[in-house]
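Student: Dropping in query_31.cif, with mmCIF, C-alpha atoms.
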```
data_work
loop_
_atom_site.label_atom_id
_atom_site.label_comp_id
_atom_site.auth_asym_id
_atom_site.auth_seq_id
_atom_site.Cartn_x
_atom_site.Cartn_y
_atom_site.Cartn_z
CA MET N 399 0.00 0.00 0.00
CA LYS N 400 2.94 2.27 0.81
CA SER N 401 4.46 1.65 -2.63
CA LEU N 402 1.22 2.50 -4.37
CA LYS N 403 1.03 5.75 -2.44
CA THR N 404 4.44 6.89 -3.68
CA ASN N 405 4.23 5.35 -7.17
CA ILE N 406 4.08 8.19 -9.68
CA TYR N 407 2.62 6.02 -12.46
CA PHE N 408 -0.15 4.76 -10.22
CA LYS N 409 -0.91 8.36 -9.26
CA ILE N 410 -1.10 9.49 -12.91
CA GLY N 411 -3.26 6.51 -13.83
CA THR N 412 -5.60 7.16 -10.91
CA ILE N 413 -5.99 10.84 -11.84
CA LEU N 414 -6.75 9.95 -15.48
CA PHE N 415 -9.29 7.34 -14.37
CA ILE N 416 -11.04 9.78 -12.03
CA THR N 417 -11.12 12.43 -14.77
CA LEU N 418 -12.76 10.02 -17.20
CA LEU N 419 -15.14 8.82 -14.47
CA LEU N 420 -16.32 12.40 -13.89
CA LEU N 421 -17.39 12.59 -17.53
CA ILE N 422 -20.39 10.43 -16.58
CA PRO N 423 -22.06 13.03 -14.28
CA THR N 424 -21.01 15.72 -16.78
CA ALA N 425 -22.94 13.92 -19.52
CA MET N 426 -25.90 13.53 -17.15
CA ILE N 427 -25.95 17.29 -16.53
CA GLU N 428 -25.82 17.91 -20.30
CA SER N 429 -28.88 15.66 -20.62
CA LEU N 430 -30.55 17.60 -17.80
CA ILE N 431 -29.91 20.88 -19.64
CA ASN N 432 -31.46 19.42 -22.80
CA GLU N 433 -34.41 18.14 -20.77
CA ARG N 434 -35.02 21.55 -19.18
CA GLN N 435 -34.76 23.22 -22.58
CA ALA N 436 -37.27 20.73 -23.98
CA THR N 437 -39.58 21.54 -21.05
CA GLN N 438 -39.24 25.23 -21.89
CA GLU N 439 -40.11 24.55 -25.54
CA GLN N 440 -43.13 22.53 -24.40
CA ALA N 441 -44.26 25.45 -22.22
CA ILE N 442 -43.85 27.80 -25.20
CA SER N 443 -45.84 25.39 -27.36
CA GLU N 444 -48.65 25.19 -24.79
CA VAL N 445 -48.95 28.97 -24.48
CA SER N 446 -48.69 29.43 -28.25
CA GLY N 447 -51.35 26.76 -28.75
CA LYS N 448 -53.80 28.71 -26.59
CA TRP N 449 -52.81 32.15 -27.92
CA ALA N 450 -51.70 31.66 -31.54
CA ASN N 451 -48.61 30.09 -33.09
CA SER N 452 -45.96 31.85 -35.15
CA GLN N 453 -47.45 33.52 -38.21
CA ASN N 454 -46.46 33.49 -41.88
CA LEU N 455 -48.41 35.81 -44.19
CA VAL N 456 -48.52 34.60 -47.80
CA GLY N 457 -50.10 36.85 -50.39
CA PRO N 458 -52.43 38.39 -51.27
CA ILE N 459 -52.92 36.30 -54.41
CA VAL N 460 -55.77 36.47 -56.93
CA SER N 461 -56.93 33.04 -58.13
CA VAL N 462 -59.28 32.63 -61.06
CA PRO N 463 -60.83 29.18 -61.76
CA PHE N 464 -61.06 27.73 -65.25
CA TYR N 465 -61.86 24.38 -66.83
CA LYS N 466 -59.61 22.26 -68.95
CA TYR N 467 -60.51 19.13 -70.85
CA MET N 468 -58.51 15.93 -70.93
CA LYS N 469 -58.94 12.56 -72.57
CA GLU N 470 -59.45 9.65 -70.21
CA VAL N 471 -58.81 6.23 -71.69
CA THR N 472 -60.14 3.12 -69.93
CA LYS N 473 -59.61 -0.49 -70.95
CA LYS N 474 -61.94 -3.32 -70.06
CA ASN N 475 -61.08 -6.70 -71.50
CA LYS N 476 -60.43 -5.94 -75.15
CA ASP N 477 -62.63 -2.87 -75.29
CA THR N 478 -61.14 0.62 -75.08
CA THR N 479 -63.27 3.56 -74.08
CA THR N 480 -62.23 7.20 -74.50
CA LYS N 481 -64.07 10.09 -72.91
CA ILE N 482 -63.45 13.76 -72.32
CA VAL N 483 -63.10 14.73 -68.66
CA LYS N 484 -63.70 18.26 -67.42
CA ILE N 485 -61.11 19.30 -64.78
CA LYS N 486 -61.15 22.46 -62.69
CA ASP N 487 -57.87 24.33 -62.29
CA TYR N 488 -56.74 27.81 -61.23
CA ILE N 489 -54.62 30.54 -62.71
CA HIS N 490 -52.89 32.62 -60.04
CA PHE N 491 -51.84 36.27 -60.22
CA LEU N 492 -49.50 38.15 -57.90
CA PRO N 493 -49.77 41.90 -57.23
CA SER N 494 -47.68 44.43 -59.12
CA GLN N 495 -47.30 46.61 -56.03
CA LEU N 496 -47.50 45.36 -52.46
CA LYS N 497 -47.03 47.63 -49.48
CA ILE N 498 -47.17 46.30 -45.91
CA ASP N 499 -47.08 48.61 -42.91
CA GLY N 500 -47.18 46.96 -39.51
CA LYS N 501 -46.76 47.52 -35.82
CA ILE N 502 -45.92 44.63 -33.50
CA LEU N 503 -46.92 44.93 -29.85
CA PRO N 504 -45.14 42.15 -27.90
CA GLU N 505 -46.02 40.75 -24.50
CA GLN N 506 -44.07 38.46 -22.19
CA ARG N 507 -46.12 35.66 -20.68
CA ASN N 508 -45.05 33.18 -18.01
CA ARG N 509 -45.67 29.47 -17.84
CA GLY N 510 -44.26 28.40 -14.50
CA ILE N 511 -40.67 29.63 -14.46
CA TYR N 512 -40.53 30.03 -18.24
CA GLU N 513 -40.97 33.24 -20.23
CA ILE N 514 -42.76 33.21 -23.58
CA VAL N 515 -43.03 36.04 -26.11
CA VAL N 516 -46.39 36.60 -27.80
CA TYR N 517 -47.58 39.60 -29.75
CA ASN N 518 -50.49 41.54 -31.14
CA SER N 519 -49.95 43.22 -34.49
CA LYS N 520 -51.75 45.79 -36.59
CA ILE N 521 -50.95 45.37 -40.26
CA ASN N 522 -52.13 47.30 -43.31
CA LEU N 523 -51.74 45.65 -46.72
CA SER N 524 -52.30 47.65 -49.88
CA GLY N 525 -51.27 47.62 -53.51
CA ASN N 526 -52.57 46.88 -56.96
CA PHE N 527 -52.89 44.23 -59.65
CA ASP N 528 -52.24 45.65 -63.10
CA GLU N 529 -51.07 42.51 -64.86
CA ILE N 530 -54.14 40.27 -64.76
CA LYS N 531 -53.84 39.32 -68.42
CA PHE N 532 -55.89 36.68 -70.16
CA LEU N 533 -55.54 37.58 -73.84
CA ASN N 534 -52.06 36.06 -74.09
CA SER N 535 -53.01 32.84 -72.30
CA ASP N 536 -53.98 29.64 -74.05
CA ILE N 537 -57.17 29.37 -72.01
CA PRO N 538 -60.39 30.12 -73.94
CA PHE N 539 -62.47 32.88 -72.32
CA LYS N 540 -65.51 30.63 -72.25
CA ASP N 541 -63.70 28.25 -69.88
CA ILE N 542 -62.69 30.96 -67.39
CA GLU N 543 -65.06 31.67 -64.48
CA PHE N 544 -64.37 35.36 -63.95
CA SER N 545 -67.28 35.66 -61.53
CA LYS N 546 -65.64 33.19 -59.10
CA ALA N 547 -62.28 34.93 -58.77
CA THR N 548 -61.02 35.28 -55.20
CA LEU N 549 -58.26 37.16 -53.41
CA SER N 550 -56.56 34.91 -50.85
CA LEU N 551 -54.20 35.61 -47.96
CA GLY N 552 -52.29 32.79 -46.31
CA ILE N 553 -52.25 32.87 -42.49
CA ASP N 554 -50.67 29.96 -40.64
CA ASP N 555 -52.85 30.11 -37.53
CA LEU N 556 -56.34 31.54 -38.10
CA ARG N 557 -56.92 31.76 -34.35
CA GLY N 558 -54.72 34.84 -34.42
CA ILE N 559 -57.30 36.92 -36.33
CA GLU N 560 -58.91 39.29 -33.85
CA LYS N 561 -61.32 41.38 -35.96
CA GLN N 562 -63.42 40.99 -39.05
CA ILE N 563 -61.40 41.88 -42.17
CA LYS N 564 -62.90 44.06 -44.87
CA LEU N 565 -61.37 44.09 -48.35
CA ASN N 566 -61.43 47.31 -50.34
CA TRP N 567 -61.29 46.28 -54.01
CA ASN N 568 -61.44 49.27 -56.33
CA ALA N 569 -64.77 50.91 -55.43
CA SER N 570 -66.32 47.89 -53.71
CA THR N 571 -66.02 46.38 -50.23
CA SER N 572 -66.39 42.75 -49.22
CA SER N 573 -65.69 40.58 -46.20
CA PHE N 574 -63.11 37.84 -46.01
CA ASN N 575 -64.22 34.25 -45.49
CA PRO N 576 -62.28 31.43 -43.78
CA GLY N 577 -60.38 28.97 -45.94
CA VAL N 578 -59.02 29.23 -49.47
CA GLU N 579 -60.59 28.19 -52.76
CA SER N 580 -57.35 26.62 -54.03
CA THR N 581 -54.54 24.98 -52.07
CA ASP N 582 -52.04 25.22 -54.94
CA ILE N 583 -50.03 27.89 -53.07
CA ILE N 584 -51.80 28.64 -49.79
CA LYS N 585 -52.77 25.79 -47.49
CA THR N 586 -54.52 27.75 -44.71
CA GLY N 587 -55.84 31.27 -44.87
CA ILE N 588 -58.76 33.51 -45.79
CA ASN N 589 -60.36 34.59 -49.05
CA ALA N 590 -62.69 37.26 -50.39
CA PRO N 591 -64.57 37.37 -53.72
CA VAL N 592 -63.27 39.96 -56.20
CA LYS N 593 -64.61 41.27 -59.46
CA ILE N 594 -62.36 40.51 -62.43
CA GLU N 595 -63.05 41.59 -66.00
CA PRO N 596 -61.61 39.91 -69.11
CA ASN N 597 -59.88 43.17 -69.98
CA ASP N 598 -56.09 43.31 -69.81
CA SER N 599 -55.96 47.08 -69.44
CA LEU N 600 -57.85 47.26 -66.13
CA LYS N 601 -56.02 48.00 -62.90
CA TYR N 602 -57.27 46.70 -59.55
CA ASN N 603 -56.41 48.45 -56.31
CA PHE N 604 -56.79 46.74 -52.96
CA SER N 605 -56.30 47.48 -49.28
CA PHE N 606 -57.31 45.95 -45.95
CA ASN N 607 -56.34 46.03 -42.29
CA LEU N 608 -55.38 42.93 -40.34
CA ASP N 609 -55.28 42.65 -36.55
CA LEU N 610 -53.27 39.51 -35.97
CA LYS N 611 -51.79 37.89 -32.87
CA GLY N 612 -49.09 35.24 -32.77
CA SER N 613 -46.06 33.92 -30.94
CA GLN N 614 -42.50 35.14 -31.39
CA ILE N 615 -42.29 34.98 -35.21
CA LEU N 616 -43.96 37.07 -37.92
CA TYR N 617 -42.92 36.40 -41.54
CA PHE N 618 -44.01 37.77 -44.92
CA THR N 619 -43.67 36.74 -48.58
CA PRO N 620 -42.53 39.16 -51.30
CA VAL N 621 -45.31 38.33 -53.75
CA GLY N 622 -45.40 41.82 -55.24
CA LYS N 623 -43.45 42.75 -58.33
CA ILE N 624 -42.26 45.42 -55.95
CA THR N 625 -42.75 44.55 -52.28
CA ASP N 626 -42.21 47.18 -49.61
CA VAL N 627 -42.51 46.12 -45.97
CA SER N 628 -42.14 48.49 -43.00
CA ILE N 629 -42.38 47.17 -39.43
CA ASN N 630 -41.90 48.90 -36.10
CA SER N 631 -42.13 47.61 -32.54
CA PRO N 632 -41.07 48.51 -28.99
CA TRP N 633 -39.22 45.16 -28.76
CA LYS N 634 -35.50 45.74 -28.11
CA THR N 635 -33.98 42.41 -29.20
CA PRO N 636 -35.32 41.42 -32.64
CA SER N 637 -33.71 38.92 -34.96
CA PHE N 638 -34.21 39.42 -38.70
CA ASN N 639 -34.37 36.04 -40.42
CA GLY N 640 -35.50 34.36 -43.60
CA ALA N 641 -34.56 34.83 -47.23
CA PHE N 642 -34.09 38.61 -47.00
CA LEU N 643 -32.56 40.98 -44.46
CA PRO N 644 -33.89 44.54 -44.04
CA ASP N 645 -32.51 47.23 -46.32
CA ASN N 646 -32.76 49.62 -43.41
CA ARG N 647 -33.11 48.89 -39.73
CA GLN N 648 -32.69 50.78 -36.49
CA ILE N 649 -32.61 49.19 -33.04
CA THR N 650 -32.64 51.39 -29.94
CA ASP N 651 -33.68 51.16 -26.30
CA LYS N 652 -37.15 52.22 -27.44
CA GLY N 653 -37.56 49.39 -29.93
CA PHE N 654 -36.84 48.82 -33.61
CA THR N 655 -37.90 49.86 -37.09
CA ALA N 656 -37.10 47.85 -40.21
CA ASN N 657 -37.80 48.20 -43.92
CA TRP N 658 -37.51 45.69 -46.76
CA ASN N 659 -37.76 46.56 -50.46
CA ILE N 660 -37.79 43.44 -52.63
CA LEU N 661 -38.15 43.07 -56.41
CA HIS N 662 -39.66 40.15 -58.30
CA LEU N 663 -36.17 39.60 -59.74
CA ASN N 664 -34.97 38.66 -56.24
CA ARG N 665 -37.13 35.50 -56.04
CA ASN N 666 -37.54 32.38 -58.12
CA TYR N 667 -41.17 32.53 -59.31
CA PRO N 668 -43.09 34.68 -61.83
CA GLN N 669 -46.08 36.99 -61.44
CA SER N 670 -48.61 34.44 -62.68
CA TRP N 671 -48.86 30.71 -63.31
CA ILE N 672 -51.32 27.85 -63.48
CA GLY N 673 -51.79 25.25 -60.75
CA SER N 674 -49.11 24.40 -58.19
CA LYS N 675 -46.13 24.85 -60.47
CA TYR N 676 -44.38 27.24 -58.06
CA GLN N 677 -44.17 27.53 -54.29
CA VAL N 678 -43.45 30.81 -52.52
CA ASN N 679 -42.50 29.67 -49.02
CA GLU N 680 -38.78 29.65 -49.80
CA SER N 681 -38.85 33.45 -49.98
CA LEU N 682 -40.32 34.01 -46.50
CA PHE N 683 -38.64 36.68 -44.38
CA GLY N 684 -39.41 38.63 -41.24
CA ILE N 685 -38.87 39.09 -37.53
CA ASP N 686 -38.15 36.76 -34.64
CA LEU N 687 -38.83 38.39 -31.27
CA LEU N 688 -35.97 36.85 -29.32
CA LEU N 689 -35.79 36.91 -25.56
CA PRO N 690 -32.72 38.87 -24.39
CA VAL N 691 -30.88 35.71 -23.20
CA ASP N 692 -31.18 31.99 -23.43
CA ASN N 693 -29.89 30.53 -20.18
CA TYR N 694 -29.94 26.95 -21.41
CA GLN N 695 -27.73 27.65 -24.40
CA LYS N 696 -25.21 29.44 -22.18
CA ALA N 697 -25.32 26.67 -19.58
CA PHE N 698 -24.74 24.10 -22.31
CA ARG N 699 -21.79 26.09 -23.66
CA SER N 700 -20.38 26.33 -20.13
CA ILE N 701 -20.44 22.60 -19.50
CA ARG N 702 -18.63 21.92 -22.76
CA TYR N 703 -15.54 23.23 -20.98
CA ALA N 704 -16.02 20.92 -17.97
CA ILE N 705 -13.37 18.40 -19.06
CA LEU N 706 -10.84 21.20 -19.52
CA PHE N 707 -11.73 22.62 -16.10
CA ILE N 708 -11.43 19.26 -14.32
CA ALA N 709 -8.24 18.27 -16.13
CA PHE N 710 -6.44 21.52 -15.39
CA THR N 711 -7.56 21.51 -11.74
CA PHE N 712 -6.28 17.96 -11.28
CA LEU N 713 -3.07 18.88 -13.09
CA THR N 714 -2.57 21.73 -10.62
CA PHE N 715 -3.01 19.36 -7.66
CA PHE N 716 -0.66 16.86 -9.28
CA PHE N 717 2.10 19.47 -9.63
CA ILE N 718 1.54 20.53 -6.02
CA GLU N 719 2.03 16.91 -4.99
CA ILE N 720 5.24 16.62 -7.00
CA LEU N 721 6.78 19.96 -6.09
CA ASN N 722 5.75 20.01 -2.43
CA ARG N 723 5.65 16.28 -1.64
CA ILE N 724 2.10 16.64 -0.34
CA PHE N 725 0.05 13.48 -0.81
CA ILE N 726 -3.61 13.79 -1.89
CA HIS N 727 -5.76 10.67 -1.70
CA PRO N 728 -7.81 9.61 -4.80
CA ILE N 729 -11.01 10.01 -2.76
CA GLN N 730 -10.04 13.66 -2.20
CA TYR N 731 -9.56 14.07 -5.96
CA ILE N 732 -13.03 12.61 -6.49
CA LEU N 733 -14.65 14.96 -3.95
CA ILE N 734 -13.00 18.01 -5.50
CA GLY N 735 -14.08 16.81 -8.95
CA ILE N 736 -17.66 16.39 -7.78
CA ALA N 737 -17.57 19.92 -6.36
CA LEU N 738 -16.52 21.18 -9.80
CA ILE N 739 -19.42 19.26 -11.40
CA VAL N 740 -21.95 20.55 -8.83
CA PHE N 741 -21.09 24.06 -10.06
CA TYR N 742 -22.98 23.31 -13.29
CA THR N 743 -26.10 22.07 -11.52
CA LEU N 744 -26.08 25.23 -9.39
CA LEU N 745 -25.63 27.34 -12.51
CA LEU N 746 -28.51 25.63 -14.32
CA SER N 747 -30.97 25.79 -11.43
CA ILE N 748 -30.17 29.35 -10.32
CA SER N 749 -30.20 30.71 -13.90
CA GLU N 750 -33.84 29.61 -14.22
CA HIS N 751 -34.77 32.18 -11.57
CA LEU N 752 -32.09 34.90 -11.91
CA THR N 753 -30.10 36.33 -14.80
CA PHE N 754 -27.41 34.04 -16.16
CA ASN N 755 -24.55 36.36 -15.24
CA LEU N 756 -25.67 36.64 -11.62
CA ALA N 757 -26.26 32.87 -11.47
CA PHE N 758 -22.72 32.28 -12.76
CA ILE N 759 -21.20 34.56 -10.11
CA ILE N 760 -23.20 32.97 -7.28
CA SER N 761 -22.41 29.41 -8.41
CA ALA N 762 -18.71 30.12 -8.92
CA PHE N 763 -18.39 31.88 -5.54
CA ALA N 764 -20.16 29.03 -3.72
CA THR N 765 -17.99 26.41 -5.45
CA LEU N 766 -14.76 28.30 -4.74
CA LEU N 767 -15.74 28.73 -1.09
CA LEU N 768 -16.48 25.01 -0.75
CA ILE N 769 -13.22 23.95 -2.40
CA ALA N 770 -11.18 26.53 -0.45
CA GLY N 771 -12.40 25.19 2.88
CA TYR N 772 -11.73 21.61 1.86
CA ILE N 773 -8.23 22.34 0.50
CA LYS N 774 -7.30 24.27 3.64
CA ALA N 775 -8.34 21.26 5.71
CA ILE N 776 -6.44 18.63 3.71
CA LEU N 777 -3.30 20.59 2.75
CA LYS N 778 -2.90 22.54 6.03
CA SER N 779 -1.44 25.39 3.97
CA THR N 780 -2.96 28.85 3.54
CA GLN N 781 -0.49 29.70 0.79
CA LEU N 782 -1.36 26.65 -1.33
CA THR N 783 -5.08 27.26 -0.72
CA TYR N 784 -4.79 30.80 -2.07
CA LEU N 785 -2.77 29.53 -5.03
CA ILE N 786 -5.33 26.90 -6.03
CA ILE N 787 -8.34 29.20 -5.49
CA GLY N 788 -6.58 31.90 -7.52
CA ILE N 789 -6.08 29.46 -10.40
CA LEU N 790 -9.69 28.28 -10.23
CA SER N 791 -10.90 31.90 -10.16
CA ILE N 792 -8.91 32.60 -13.33
CA LEU N 793 -10.48 29.53 -14.96
CA TYR N 794 -14.01 30.60 -14.03
CA THR N 795 -13.30 34.10 -15.35
CA PHE N 796 -11.93 32.58 -18.55
CA ILE N 797 -15.08 30.51 -19.12
CA TYR N 798 -17.30 33.48 -18.27
CA VAL N 799 -15.54 35.64 -20.87
CA ILE N 800 -15.85 32.93 -23.53
CA ILE N 801 -19.59 32.61 -22.90
CA GLN N 802 -20.12 36.37 -23.21
CA LEU N 803 -18.07 36.70 -26.40
CA GLU N 804 -19.92 34.12 -28.47
CA ASP N 805 -18.56 35.34 -31.81
CA TYR N 806 -14.99 35.22 -30.54
CA ALA N 807 -15.34 32.10 -28.35
CA LEU N 808 -13.10 29.95 -30.55
CA LEU N 809 -10.40 32.61 -30.77
CA ILE N 810 -10.38 33.42 -27.04
CA GLY N 811 -10.61 29.73 -26.14
CA SER N 812 -7.68 28.82 -28.38
CA ILE N 813 -5.54 31.63 -26.96
CA GLY N 814 -6.49 30.65 -23.40
CA ILE N 815 -5.60 26.99 -23.91
CA PHE N 816 -2.31 28.02 -25.51
CA ILE N 817 -1.45 30.17 -22.47
CA ILE N 818 -2.40 27.34 -20.08
CA LEU N 819 -0.18 24.92 -22.00
CA ALA N 820 2.67 27.43 -21.93
CA LEU N 821 2.36 27.82 -18.15
CA VAL N 822 2.30 24.05 -17.62
CA MET N 823 5.40 23.65 -19.76
CA TYR N 824 7.13 26.50 -17.91
CA PHE N 825 6.50 25.20 -14.39
CA SER N 826 7.33 21.61 -15.33
CA ARG N 827 10.54 22.43 -17.21
CA LYS N 828 12.86 21.48 -14.34
CA ILE N 829 11.09 18.28 -13.29
CA ASP N 830 13.20 15.18 -13.90
CA TRP N 831 10.41 12.85 -15.03
CA TYR N 832 12.76 9.82 -15.26
CA ASN N 833 13.82 10.14 -11.62
CA LEU N 834 10.51 11.39 -10.27
CA SER N 835 9.55 10.13 -6.82
CA LEU N 836 6.81 10.87 -4.31
CA LYS N 837 8.83 9.51 -1.37
CA GLU N 838 8.20 11.30 1.87
CA THR N 839 10.78 13.13 3.97
CA ASP N 840 10.56 14.05 7.60
CA LYS N 841 10.10 17.73 6.87
CA LEU N 842 7.27 17.39 4.44
CA THR N 843 3.58 17.58 5.16
CA GLU N 844 1.39 14.60 4.39
CA SER N 845 -2.36 14.58 3.96
CA ASN N 846 -4.75 11.72 3.32
#
```
Rewrite the coordinates I just gave you, this time as structure tokens.
Tutor:
Amino acid sequence: MKSLKTNIYFKIGTILFITLLLLIPTAMIESLINERQATQEQAISEVSGKWANSQNLVGPIVSVPFYKYMKEVTKKNKDTTTKIVKIKDYIHFLPSQLKIDGKILPEQRNRGIYEIVVYNSKINLSGNFDEIKFLNSDIPFKDIEFSKATLSLGIDDLRGIEKQIKLNWNASTSSFNPGVESTDIIKTGINAPVKIEPNDSLKYNFSFNLDLKGSQILYFTPVGKITDVSINSPWKTPSFNGAFLPDNRQITDKGFTANWNILHLNRNYPQSWIGSKYQVNESLFGIDLLLPVDNYQKAFRSIRYAILFIAFTFLTFFFIEILNRIFIHPIQYILIGIALIVFYTLLLSISEHLTFNLAFIISAFATLLLIAGYIKAILKSTQLTYLIIGILSILYTFIYVIIQLEDYALLIGSIGIFIILALVMYFSRKIDWYNLSLKETDKLTESN
């Protein structure tokens, strides 16, 4: 037993084994973070399901039904029968000008300890159709049902509509109805009947107001030959996503304003087509009302450095053993390692109730205090206790900085690891590894 205690190779092997063993609770905490994040997403889904989900506005699009005739050949035994089948299809037209002005009024709701962003919005859509042309099409006028033309607007979650919607179409007014006449482009939405004449020179102006509520996301489609979208909101942390970024945006402490100006040349579909030949969802763009922080993402990023933290802490203790001939029992290594792991559970649980930065400070301080008291008891040295706590404090500060500087995390992390390696090489430069011994002397302190 005495030889094992002073055997340097046994000590190194034991430290490596303990380090690998501590990866098990580390992985369990990672799973716990994922589980808590999934619970948060479930809470968001439940609130969104009762309020209204994220919203994508597709359109407006004018759809005009027509009939086409196809031969249907059937064979029965040796007899062949041919008949003409009448099939209903739609020709779809997109607006020449589309202008969208909107104001998003967000609210933060709570589901237990979780925060969810929902919103009310007031949106005005206006523009014109001046390219509803039939003369150049191959469809005979007699097969086109001009009287059944509809203007459709795609809305992902119809529960978000708060008021009746009136369509102003040239000099007439009509109400929108639920559902769409054709699902070639829009799957869910609303429609209103419009008056279309078989005259290519006519221009149709439209406008309507939409009071719509949803959760976190509001997207639009640039269906106009020229699409101009202007959105403003008091929300301070928006994320602009989708196929197009704003041409102009301004984010202040009072909220944000954003403007998009998109041409038909910027997307991969024309102004009119028949049937479901083209889909417009690939050109969606808009706003994601992000919460200021995501504690679970930061906690997950923190624990990714756990192996580095444990390894460097154990390396520090190992060098203290070598240079000071102070013996630390494997059980003491395990307890210190567990204390380092408990830091992440404290961080996760506290960050669900306080800000992440404050949770990090509290968790780090509590962990350092616990380890300091334990080290002082086993090493009987105030100087070594201050040294180890100072090193751990630098490590916690290093991780904290990496988490805050997400864009530069790789750069700062690489530089930090390089500096750590340089320090290890510097302090170990005079150690004779071939003649290394942990044998005790009368003047040296021993701790088990």
Student: Set the distance at 10 Å and use all atoms listed in the file: which residues neighbour Phe763 (chain N) once local chain neighbours fewer than 4 positions away are removed? I'd like the list as a PyMOL selection string.
Tutor: chain N and resi 741+757-759+767-769+791+794
Student: If the PyMOL selection byres ((chain N and resi 550) around 10) were run on this exact file, what residues would it hold? Put them as a list in words.
Tutor: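 That selection, the PyMOL selection byres ((chain N and resi 550) around 10), comes back as Val456, Gly457, Pro458, Ile459, Val460, Ser461, Ala547, Thr548, Leu549, Leu551, Gly552, Ile553, Phe574, Asn575, Pro576, Gly577, Val578, Glu579, Ser580, Ile583, Ile584, Thr586, Gly587, Ile588, Asn589, Ala590, Pro591 and Val592 of chain N.
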Student: Using all atoms listed in the file, can you list as a ChimeraX atom specification the residues within 10 Å of (-38.1, 48.3, -27.1)?
Tutor: /N:503-504,630-636,649-654
Student: With C-alpha atoms retained, could you export that selection as a CSV table (one decimal), in the frame of the given file?
Tutor:
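part33.csv was written with the following content:
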```
chain,number,residue,atom,x,y,z
N,503,LEU,CA,-46.9,44.9,-29.8
N,504,PRO,CA,-45.1,42.2,-27.9
N,630,ASN,CA,-41.9,48.9,-36.1
N,631,SER,CA,-42.1,47.6,-32.5
N,632,PRO,CA,-41.1,48.5,-29.0
N,633,TRP,CA,-39.2,45.2,-28.8
N,634,LYS,CA,-35.5,45.7,-28.1
N,635,THR,CA,-34.0,42.4,-29.2
N,636,PRO,CA,-35.3,41.4,-32.6
N,649,ILE,CA,-32.6,49.2,-33.0
N,650,THR,CA,-32.6,51.4,-29.9
N,651,ASP,CA,-33.7,51.2,-26.3
N,652,LYS,CA,-37.2,52.2,-27.4
N,653,GLY,CA,-37.6,49.4,-29.9
N,654,PHE,CA,-36.8,48.8,-33.6
```
Student: Kindly resolve the PyMOL selection byres ((chain N and resi 554-566) around 9) on the present coordinates and return the residues as JSON, numbers by chain.
Tutor: {"N": [448, 449, 450, 451, 452, 453, 454, 455, 456, 518, 552, 553, 567, 568, 569, 570, 571, 572, 573, 574, 575, 576, 585, 586, 587, 588, 590, 603, 604, 605, 606, 607, 608, 609, 610, 611, 612]}
Student: Go ahead and compute the interatomic distance for CA of Gly622 (chain N) and CA of Glu529 (chain N), in Å to one decimal.
Tutor: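 Computed distance, CA of Gly622 (chain N) to CA of Glu529 (chain N), equals 11.2 Å.
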Student: Tell me, in Å to one decimal, how far CA of Gln677 (chain N) is from CA of Lys486 (chain N).
Tutor: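 CA of Lys486 (chain N) lies 19.6 Å from CA of Gln677 (chain N).
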Student: For the file shown, report as a ChimeraX atom specification the outcome of the PyMOL selection byres ((chain N and resi 487-496) around 6) at residue level.
Tutor: /N:459-464,486,497,524-527,621-625,669-673
Student: How about saving the chosen residues, C-alpha atoms kept, as an mmCIF file, in the coordinates of the input?
Tutor:
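Now in result05.cif:
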```cif
data_model
loop_
_atom_site.group_PDB
_atom_site.id
_atom_site.type_symbol
_atom_site.label_atom_id
_atom_site.label_comp_id
_atom_site.auth_asym_id
_atom_site.auth_seq_id
_atom_site.Cartn_x
_atom_site.Cartn_y
_atom_site.Cartn_z
ATOM 1 C CA ILE N 459 -52.920 36.300 -54.410
ATOM 2 C CA VAL N 460 -55.770 36.470 -56.930
ATOM 3 C CA SER N 461 -56.930 33.040 -58.130
ATOM 4 C CA VAL N 462 -59.280 32.630 -61.060
ATOM 5 C CA PRO N 463 -60.830 29.180 -61.760
ATOM 6 C CA PHE N 464 -61.060 27.730 -65.250
ATOM 7 C CA LYS N 486 -61.150 22.460 -62.690
ATOM 8 C CA LYS N 497 -47.030 47.630 -49.480
ATOM 9 C CA SER N 524 -52.300 47.650 -49.880
ATOM 10 C CA GLY N 525 -51.270 47.620 -53.510
ATOM 11 C CA ASN N 526 -52.570 46.880 -56.960
ATOM 12 C CA PHE N 527 -52.890 44.230 -59.650
ATOM 13 C CA VAL N 621 -45.310 38.330 -53.750
ATOM 14 C CA GLY N 622 -45.400 41.820 -55.240
ATOM 15 C CA LYS N 623 -43.450 42.750 -58.330
ATOM 16 C CA ILE N 624 -42.260 45.420 -55.950
ATOM 17 C CA THR N 625 -42.750 44.550 -52.280
ATOM 18 C CA GLN N 669 -46.080 36.990 -61.440
ATOM 19 C CA SER N 670 -48.610 34.440 -62.680
ATOM 20 C CA TRP N 671 -48.860 30.710 -63.310
ATOM 21 C CA ILE N 672 -51.320 27.850 -63.480
ATOM 22 C CA GLY N 673 -51.790 25.250 -60.750
#
```
Student: Within 12 Å of Ala775 (chain N), counting all atoms listed in the file, which residues qualify if same-chain residues fewer than 3 places away don't, as a count of residues only?
Tutor: 15
Student: Which residue out of N:Ser749, N:Lys696, N:Ile773, N:Leu713 has the minimum interatomic distance to Val799 (chain N) when all atoms listed in the file are used?
Tutor: N:Lys696
Student: Per residue of region 530-630 of chain N within 10 Å of region 639-642 of chain N, note the shortest atom pair and the distance in Å to one decimal, counting all atoms listed in the file, and order the rows by chain and increasing residue number, as JSON lines.
Tutor:
```
{"residue": "N:Ile615", "atom": "CA", "partner": "N:Asn639", "partner_atom": "CA", "distance": 9.5}
{"residue": "N:Leu616", "atom": "CA", "partner": "N:Asn639", "partner_atom": "CA", "distance": 10.0}
{"residue": "N:Tyr617", "atom": "CA", "partner": "N:Gly640", "partner_atom": "CA", "distance": 8.0}
{"residue": "N:Phe618", "atom": "CA", "partner": "N:Gly640", "partner_atom": "CA", "distance": 9.3}
{"residue": "N:Thr619", "atom": "CA", "partner": "N:Ala641", "partner_atom": "CA", "distance": 9.4}
{"residue": "N:Pro620", "atom": "CA", "partner": "N:Phe642", "partner_atom": "CA", "distance": 9.5}
```
